[in-house]
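Q: Please see the structure below; I have some questions.
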Amino acid sequence: MKENYKIIIVDDHQLFADGMVRILADEDDFEVIGICNNSTELYHMLNNHKPDLIMLDIQMGGTNGLELCSDLKKTMPQIKIILISMFESLNVVNEGKNSGANGYIPKTTDAALVKKSIREVMEGKDIFIKPVNPETKVDLEGGSYAFLLSKREREIILYVKKGFTSKATAEELNISQFTVDTHRKNILRKLKLNSLKELISYAYENNL
């Protein structure tokens with residue numbers, strides 16, 4: 001007898017979420033127990049339901065899926081999480097791994113591979129489907145990777161734009177200088193930039 005996997009879909013694109021439900025409904029071992037449009041709805045649902053798997057969109061209005069994934073993995077490590085995204089990029093895949101996700105599936109993935117990936121993740125494997133065109137730049141917020149940034153990283157950028165040093169920023173935010181320096185390095189890595197000068201230009205161009 002096959003195990004029945006309880007699944008929650010978190011995506012603010014209703015058409016995609018409904019389509020995913022139809023795909024998974026064909027399988028006896030999959031049971032979609034809920035659809036959520038944001039993190040608030042998800043946490044409310046988790047008060048009453050215990051899913052085996054969450055399929056989580058990386059970028060939703062008001063919700064950073066990568067941050068949400070990290071938070072969920074800290075509090076509910078037993079729940080498997082597969083990130084889903086319309087953006088195909090190795091940068092996105094790598095940030096997904098860093099967030100603690102168990103998998104990554106582009107929204108262009110065909111139904112058979114989606115089902116196969118879910119089963120493999122539930123069996124304990126990590127499945128990160130590589131993009132077909134990994135060098136294609138993400139077309140979002142002016143063609144940027146800005147959606148990968150955490151709230152704290154966006155806050156750090158504001159201080160960089162003001163000309164604050166790492167030490168001054170640390171004092172303002174009541175955190176260590178080492179933490180600020182680490183955030184700065186992560187920001188440059190995520191945005192594929194090489195210097196703070198480039199970051200400042202980028203921040204103004206993308207309204208960060």
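Starting from 1 in every chain, residues are counted up; chains themselves are A, B, ... following the order of the structure tokens, and ligands are numbered from 1 as listed.
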Counting only C-alpha atoms, what is within 7 Å of Asp29 (chain A), bar same-chain residues fewer than 2 positions away, as a list in words?
A: Lys2, Glu3, Asn4, Tyr5, Glu27 and Glu31 of chain A
Q: Excluding region 94-98 of chain A and any residue of its chain fewer than 3 positions from it, enumerate the residues within 9 Å of it, using only C-alpha atoms, and give them as JSON, numbers by chain.
A: {"A": [58, 66, 69, 70, 83, 89, 90, 91, 101, 102, 103, 104, 128, 148, 190]}
Q: For CA of Ala17 (chain A) and CA of Gly65 (chain A), quote the distance in Å rounded to one decimal.
A: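 Separating CA of Ala17 (chain A) from CA of Gly65 (chain A) is a distance of 15.2 Å.
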Q: Considering only C-alpha atoms, return as a PDB file with N, CA and C atoms, in the first residue's frame whatever protein or nucleic-acid residues lie within 9 Å of Gly61 (chain A), sequence-local ones (same chain, fewer than 2 positions apart) excluded.
A:
ATOM      1  N   ASP A  12       0.811  32.639  -4.906  1.00  0.00           N
ATOM      2  CA  ASP A  12      -0.195  33.687  -5.051  1.00  0.00           C
ATOM      3  C   ASP A  12      -0.746  33.779  -6.471  1.00  0.00           C
ATOM      4  N   ASN A  37      -1.956  31.693  -0.176  1.00  0.00           N
ATOM      5  CA  ASN A  37      -1.440  32.745  -1.050  1.00  0.00           C
ATOM      6  C   ASN A  37      -0.259  33.505  -0.458  1.00  0.00           C
ATOM      7  N   ASN A  38      -0.005  33.306   0.841  1.00  0.00           N
ATOM      8  CA  ASN A  38       1.094  34.030   1.487  1.00  0.00           C
ATOM      9  C   ASN A  38       1.487  33.327   2.791  1.00  0.00           C
ATOM     10  N   GLN A  59       8.787  33.670  -4.979  1.00  0.00           N
ATOM     11  CA  GLN A  59       8.505  35.108  -4.981  1.00  0.00           C
ATOM     12  C   GLN A  59       7.009  35.372  -5.035  1.00  0.00           C
ATOM     13  N   THR A  63       5.867  38.391   0.350  1.00  0.00           N
ATOM     14  CA  THR A  63       6.494  37.223   0.961  1.00  0.00           C
ATOM     15  C   THR A  63       7.728  36.822   0.178  1.00  0.00           C
ATOM     16  N   ASN A  64       8.866  36.706   0.863  1.00  0.00           N
ATOM     17  CA  ASN A  64      10.087  36.176   0.267  1.00  0.00           C
ATOM     18  C   ASN A  64      10.118  34.687   0.578  1.00  0.00           C
TER      19      ASN A  64
END
Q: So which residues of region 80-153 of chain A fall under strand (DSSP E) by DSSP, listed as number ranges by chain?
A: A: 80-85, 103-106, 127-128
Q: Counting only C-alpha atoms, what is within 12 Å of Pro106 (chain A), bar same-chain residues fewer than 2 positions away, as a PDB file with N, CA, C and O atoms, in the first residue's frame?
A:
ATOM      1  N   MET A  55       4.897  22.904  -1.112  1.00  0.00           N
ATOM      2  CA  MET A  55       5.401  23.388  -2.388  1.00  0.00           C
ATOM      3  C   MET A  55       5.304  24.905  -2.330  1.00  0.00           C
ATOM      4  O   MET A  55       4.206  25.468  -2.267  1.00  0.00           O
ATOM      5  N   LEU A  56       6.444  25.569  -2.324  1.00  0.00           N
ATOM      6  CA  LEU A  56       6.523  26.982  -1.959  1.00  0.00           C
ATOM      7  C   LEU A  56       7.077  27.841  -3.084  1.00  0.00           C
ATOM      8  O   LEU A  56       8.216  27.652  -3.524  1.00  0.00           O
ATOM      9  N   ASP A  57       6.273  28.799  -3.521  1.00  0.00           N
ATOM     10  CA  ASP A  57       6.728  29.741  -4.536  1.00  0.00           C
ATOM     11  C   ASP A  57       7.799  30.650  -3.934  1.00  0.00           C
ATOM     12  O   ASP A  57       7.659  31.127  -2.806  1.00  0.00           O
ATOM     13  N   ILE A  58       8.856  30.897  -4.681  1.00  0.00           N
ATOM     14  CA  ILE A  58       9.955  31.710  -4.169  1.00  0.00           C
ATOM     15  C   ILE A  58       9.580  33.173  -4.034  1.00  0.00           C
ATOM     16  O   ILE A  58       9.977  33.846  -3.081  1.00  0.00           O
ATOM     17  N   ILE A  82       9.671  21.934  -1.247  1.00  0.00           N
ATOM     18  CA  ILE A  82      10.132  22.078  -2.625  1.00  0.00           C
ATOM     19  C   ILE A  82       9.815  23.493  -3.069  1.00  0.00           C
ATOM     20  O   ILE A  82       8.660  23.919  -3.025  1.00  0.00           O
ATOM     21  N   LEU A  83      10.823  24.226  -3.479  1.00  0.00           N
ATOM     22  CA  LEU A  83      10.627  25.571  -3.995  1.00  0.00           C
ATOM     23  C   LEU A  83      10.189  25.500  -5.456  1.00  0.00           C
ATOM     24  O   LEU A  83      10.683  24.660  -6.220  1.00  0.00           O
ATOM     25  N   ILE A  84       9.264  26.353  -5.828  1.00  0.00           N
ATOM     26  CA  ILE A  84       8.818  26.430  -7.216  1.00  0.00           C
ATOM     27  C   ILE A  84       8.975  27.873  -7.669  1.00  0.00           C
ATOM     28  O   ILE A  84       8.804  28.798  -6.880  1.00  0.00           O
ATOM     29  N   SER A  85       9.341  28.053  -8.939  1.00  0.00           N
ATOM     30  CA  SER A  85       9.579  29.415  -9.404  1.00  0.00           C
ATOM     31  C   SER A  85       9.469  29.506 -10.918  1.00  0.00           C
ATOM     32  O   SER A  85       9.760  28.552 -11.637  1.00  0.00           O
ATOM     33  N   MET A  86       9.045  30.668 -11.377  1.00  0.00           N
ATOM     34  CA  MET A  86       9.005  30.941 -12.802  1.00  0.00           C
ATOM     35  C   MET A  86      10.357  31.426 -13.304  1.00  0.00           C
ATOM     36  O   MET A  86      10.582  31.577 -14.491  1.00  0.00           O
ATOM     37  N   PHE A  87      11.284  31.668 -12.365  1.00  0.00           N
ATOM     38  CA  PHE A  87      12.594  32.188 -12.727  1.00  0.00           C
ATOM     39  C   PHE A  87      13.623  31.063 -12.746  1.00  0.00           C
ATOM     40  O   PHE A  87      13.909  30.456 -11.729  1.00  0.00           O
ATOM     41  N   GLU A  88      14.184  30.804 -13.919  1.00  0.00           N
ATOM     42  CA  GLU A  88      15.157  29.731 -14.076  1.00  0.00           C
ATOM     43  C   GLU A  88      16.563  30.313 -14.093  1.00  0.00           C
ATOM     44  O   GLU A  88      16.959  30.976 -15.039  1.00  0.00           O
ATOM     45  N   SER A  89      17.307  30.067 -13.036  1.00  0.00           N
ATOM     46  CA  SER A  89      18.652  30.609 -12.904  1.00  0.00           C
ATOM     47  C   SER A  89      19.427  29.782 -11.892  1.00  0.00           C
ATOM     48  O   SER A  89      18.880  29.346 -10.877  1.00  0.00           O
ATOM     49  N   LEU A  90      20.705  29.549 -12.165  1.00  0.00           N
ATOM     50  CA  LEU A  90      21.533  28.819 -11.209  1.00  0.00           C
ATOM     51  C   LEU A  90      21.658  29.592  -9.905  1.00  0.00           C
ATOM     52  O   LEU A  90      21.786  29.001  -8.832  1.00  0.00           O
ATOM     53  N   VAL A  92      19.284  31.316  -8.501  1.00  0.00           N
ATOM     54  CA  VAL A  92      18.075  31.006  -7.747  1.00  0.00           C
ATOM     55  C   VAL A  92      18.175  29.608  -7.134  1.00  0.00           C
ATOM     56  O   VAL A  92      17.809  29.390  -5.975  1.00  0.00           O
ATOM     57  N   VAL A  93      18.684  28.658  -7.909  1.00  0.00           N
ATOM     58  CA  VAL A  93      18.845  27.291  -7.410  1.00  0.00           C
ATOM     59  C   VAL A  93      19.776  27.267  -6.193  1.00  0.00           C
ATOM     60  O   VAL A  93      19.470  26.638  -5.172  1.00  0.00           O
ATOM     61  N   GLY A  96      18.201  28.659  -3.178  1.00  0.00           N
ATOM     62  CA  GLY A  96      17.233  27.694  -2.668  1.00  0.00           C
ATOM     63  C   GLY A  96      17.902  26.657  -1.779  1.00  0.00           C
ATOM     64  O   GLY A  96      17.388  26.308  -0.707  1.00  0.00           O
ATOM     65  N   GLY A 103      14.224  20.787  -2.422  1.00  0.00           N
ATOM     66  CA  GLY A 103      14.172  20.707  -3.871  1.00  0.00           C
ATOM     67  C   GLY A 103      13.782  22.024  -4.506  1.00  0.00           C
ATOM     68  O   GLY A 103      13.336  22.955  -3.828  1.00  0.00           O
ATOM     69  N   TYR A 104      13.972  22.077  -5.823  1.00  0.00           N
ATOM     70  CA  TYR A 104      13.611  23.258  -6.607  1.00  0.00           C
ATOM     71  C   TYR A 104      13.073  22.787  -7.950  1.00  0.00           C
ATOM     72  O   TYR A 104      13.699  21.951  -8.624  1.00  0.00           O
ATOM     73  N   THR A 108       8.015  25.662 -15.344  1.00  0.00           N
ATOM     74  CA  THR A 108       7.894  25.133 -16.703  1.00  0.00           C
ATOM     75  C   THR A 108       8.070  23.617 -16.756  1.00  0.00           C
ATOM     76  O   THR A 108       7.941  23.011 -17.808  1.00  0.00           O
ATOM     77  N   THR A 109       8.354  23.004 -15.602  1.00  0.00           N
ATOM     78  CA  THR A 109       8.580  21.561 -15.545  1.00  0.00           C
ATOM     79  C   THR A 109       7.313  20.794 -15.894  1.00  0.00           C
ATOM     80  O   THR A 109       6.219  21.144 -15.453  1.00  0.00           O
ATOM     81  N   ASP A 110       7.463  19.704 -16.685  1.00  0.00           N
ATOM     82  CA  ASP A 110       6.272  18.942 -17.077  1.00  0.00           C
ATOM     83  C   ASP A 110       5.735  18.131 -15.906  1.00  0.00           C
ATOM     84  O   ASP A 110       6.454  17.842 -14.943  1.00  0.00           O
ATOM     85  N   ALA A 111       4.469  17.755 -15.994  1.00  0.00           N
ATOM     86  CA  ALA A 111       3.756  17.112 -14.891  1.00  0.00           C
ATOM     87  C   ALA A 111       4.428  15.827 -14.415  1.00  0.00           C
ATOM     88  O   ALA A 111       4.525  15.574 -13.212  1.00  0.00           O
ATOM     89  N   LEU A 113       7.573  14.939 -14.469  1.00  0.00           N
ATOM     90  CA  LEU A 113       8.791  15.204 -13.707  1.00  0.00           C
ATOM     91  C   LEU A 113       8.471  15.819 -12.353  1.00  0.00           C
ATOM     92  O   LEU A 113       9.161  15.557 -11.367  1.00  0.00           O
ATOM     93  N   VAL A 114       7.408  16.626 -12.282  1.00  0.00           N
ATOM     94  CA  VAL A 114       6.971  17.183 -10.997  1.00  0.00           C
ATOM     95  C   VAL A 114       6.611  16.052 -10.038  1.00  0.00           C
ATOM     96  O   VAL A 114       7.062  16.020  -8.884  1.00  0.00           O
ATOM     97  N   SER A 117       9.713  14.092  -8.983  1.00  0.00           N
ATOM     98  CA  SER A 117      10.538  14.863  -8.052  1.00  0.00           C
ATOM     99  C   SER A 117       9.948  14.858  -6.653  1.00  0.00           C
ATOM    100  O   SER A 117      10.673  14.730  -5.660  1.00  0.00           O
ATOM    101  N   ILE A 127      16.214  17.192  -4.610  1.00  0.00           N
ATOM    102  CA  ILE A 127      16.066  17.283  -6.060  1.00  0.00           C
ATOM    103  C   ILE A 127      16.012  18.748  -6.489  1.00  0.00           C
ATOM    104  O   ILE A 127      15.023  19.440  -6.239  1.00  0.00           O
ATOM    105  N   PHE A 128      17.071  19.212  -7.112  1.00  0.00           N
ATOM    106  CA  PHE A 128      17.131  20.575  -7.625  1.00  0.00           C
ATOM    107  C   PHE A 128      17.306  20.507  -9.132  1.00  0.00           C
ATOM    108  O   PHE A 128      18.382  20.181  -9.633  1.00  0.00           O
ATOM    109  N   ILE A 129      16.215  20.773  -9.841  1.00  0.00           N
ATOM    110  CA  ILE A 129      16.239  20.689 -11.300  1.00  0.00           C
ATOM    111  C   ILE A 129      16.965  21.899 -11.869  1.00  0.00           C
ATOM    112  O   ILE A 129      16.576  23.050 -11.640  1.00  0.00           O
ATOM    113  N   LYS A 130      18.027  21.649 -12.610  1.00  0.00           N
ATOM    114  CA  LYS A 130      18.808  22.740 -13.180  1.00  0.00           C
ATOM    115  C   LYS A 130      18.056  23.392 -14.332  1.00  0.00           C
ATOM    116  O   LYS A 130      17.396  22.711 -15.114  1.00  0.00           O
ATOM    117  N   PRO A 131      18.159  24.710 -14.442  1.00  0.00           N
ATOM    118  CA  PRO A 131      17.485  25.416 -15.536  1.00  0.00           C
ATOM    119  C   PRO A 131      18.051  25.010 -16.886  1.00  0.00           C
ATOM    120  O   PRO A 131      19.225  24.664 -17.007  1.00  0.00           O
ATOM    121  N   VAL A 132      17.195  25.042 -17.921  1.00  0.00           N
ATOM    122  CA  VAL A 132      17.614  24.675 -19.271  1.00  0.00           C
ATOM    123  C   VAL A 132      18.641  25.668 -19.792  1.00  0.00           C
ATOM    124  O   VAL A 132      19.637  25.306 -20.405  1.00  0.00           O
ATOM    125  N   ASN A 133      18.400  26.960 -19.542  1.00  0.00           N
ATOM    126  CA  ASN A 133      19.328  28.013 -19.966  1.00  0.00           C
ATOM    127  C   ASN A 133      19.854  28.739 -18.734  1.00  0.00           C
ATOM    128  O   ASN A 133      19.355  29.807 -18.381  1.00  0.00           O
ATOM    129  N   PRO A 134      20.856  28.152 -18.045  1.00  0.00           N
ATOM    130  CA  PRO A 134      21.310  28.698 -16.765  1.00  0.00           C
ATOM    131  C   PRO A 134      21.887  30.091 -16.817  1.00  0.00           C
ATOM    132  O   PRO A 134      21.953  30.777 -15.814  1.00  0.00           O
TER     133      PRO A 134
END
Q: Would you please give, as a ChimeraX atom specification, all residues of region 50-200 of chain A that DSSP assigns to helix (DSSP H, G or I) based on the backbone?
A: /A:65-75,90-98,111-122,146-148,151-161,166-173,177-191,196-200
Q: May I have the residues within 6 Å of Cys36 (chain A) as a PyMOL selection string, using only C-alpha atoms and disregarding those fewer than 4 positions away in the same chain?
A: chain A and resi 10+41-42
Q: Save the residues we just selected, C-alpha atoms, as a PDB file, in the first residue's frame?
A:
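Resulting contents of again18.pdb:
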ATOM      1  CA  VAL A  10       1.846  28.138  -1.322  1.00  0.00           C
ATOM      2  CA  GLU A  41      -2.280  32.005   5.463  1.00  0.00           C
ATOM      3  CA  LEU A  42       0.309  29.240   5.616  1.00  0.00           C
TER       4      LEU A  42
END
Q: Using only C-alpha atoms for the distances, tell me which of A:Thr40, A:Ile8, A:Glu120, A:Ala146 is nearest to Lys192 (chain A).
A: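 Nearest to Lys192 (chain A): A:Ala146.
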Q: Between A:Ser166, A:Ser99, A:Asn47, A:Ser176, which is the closest to Leu149 (chain A) once you count only C-alpha atoms?
A: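 Ranked by minimum distance to Leu149 (chain A), first place goes to A:Ser99.
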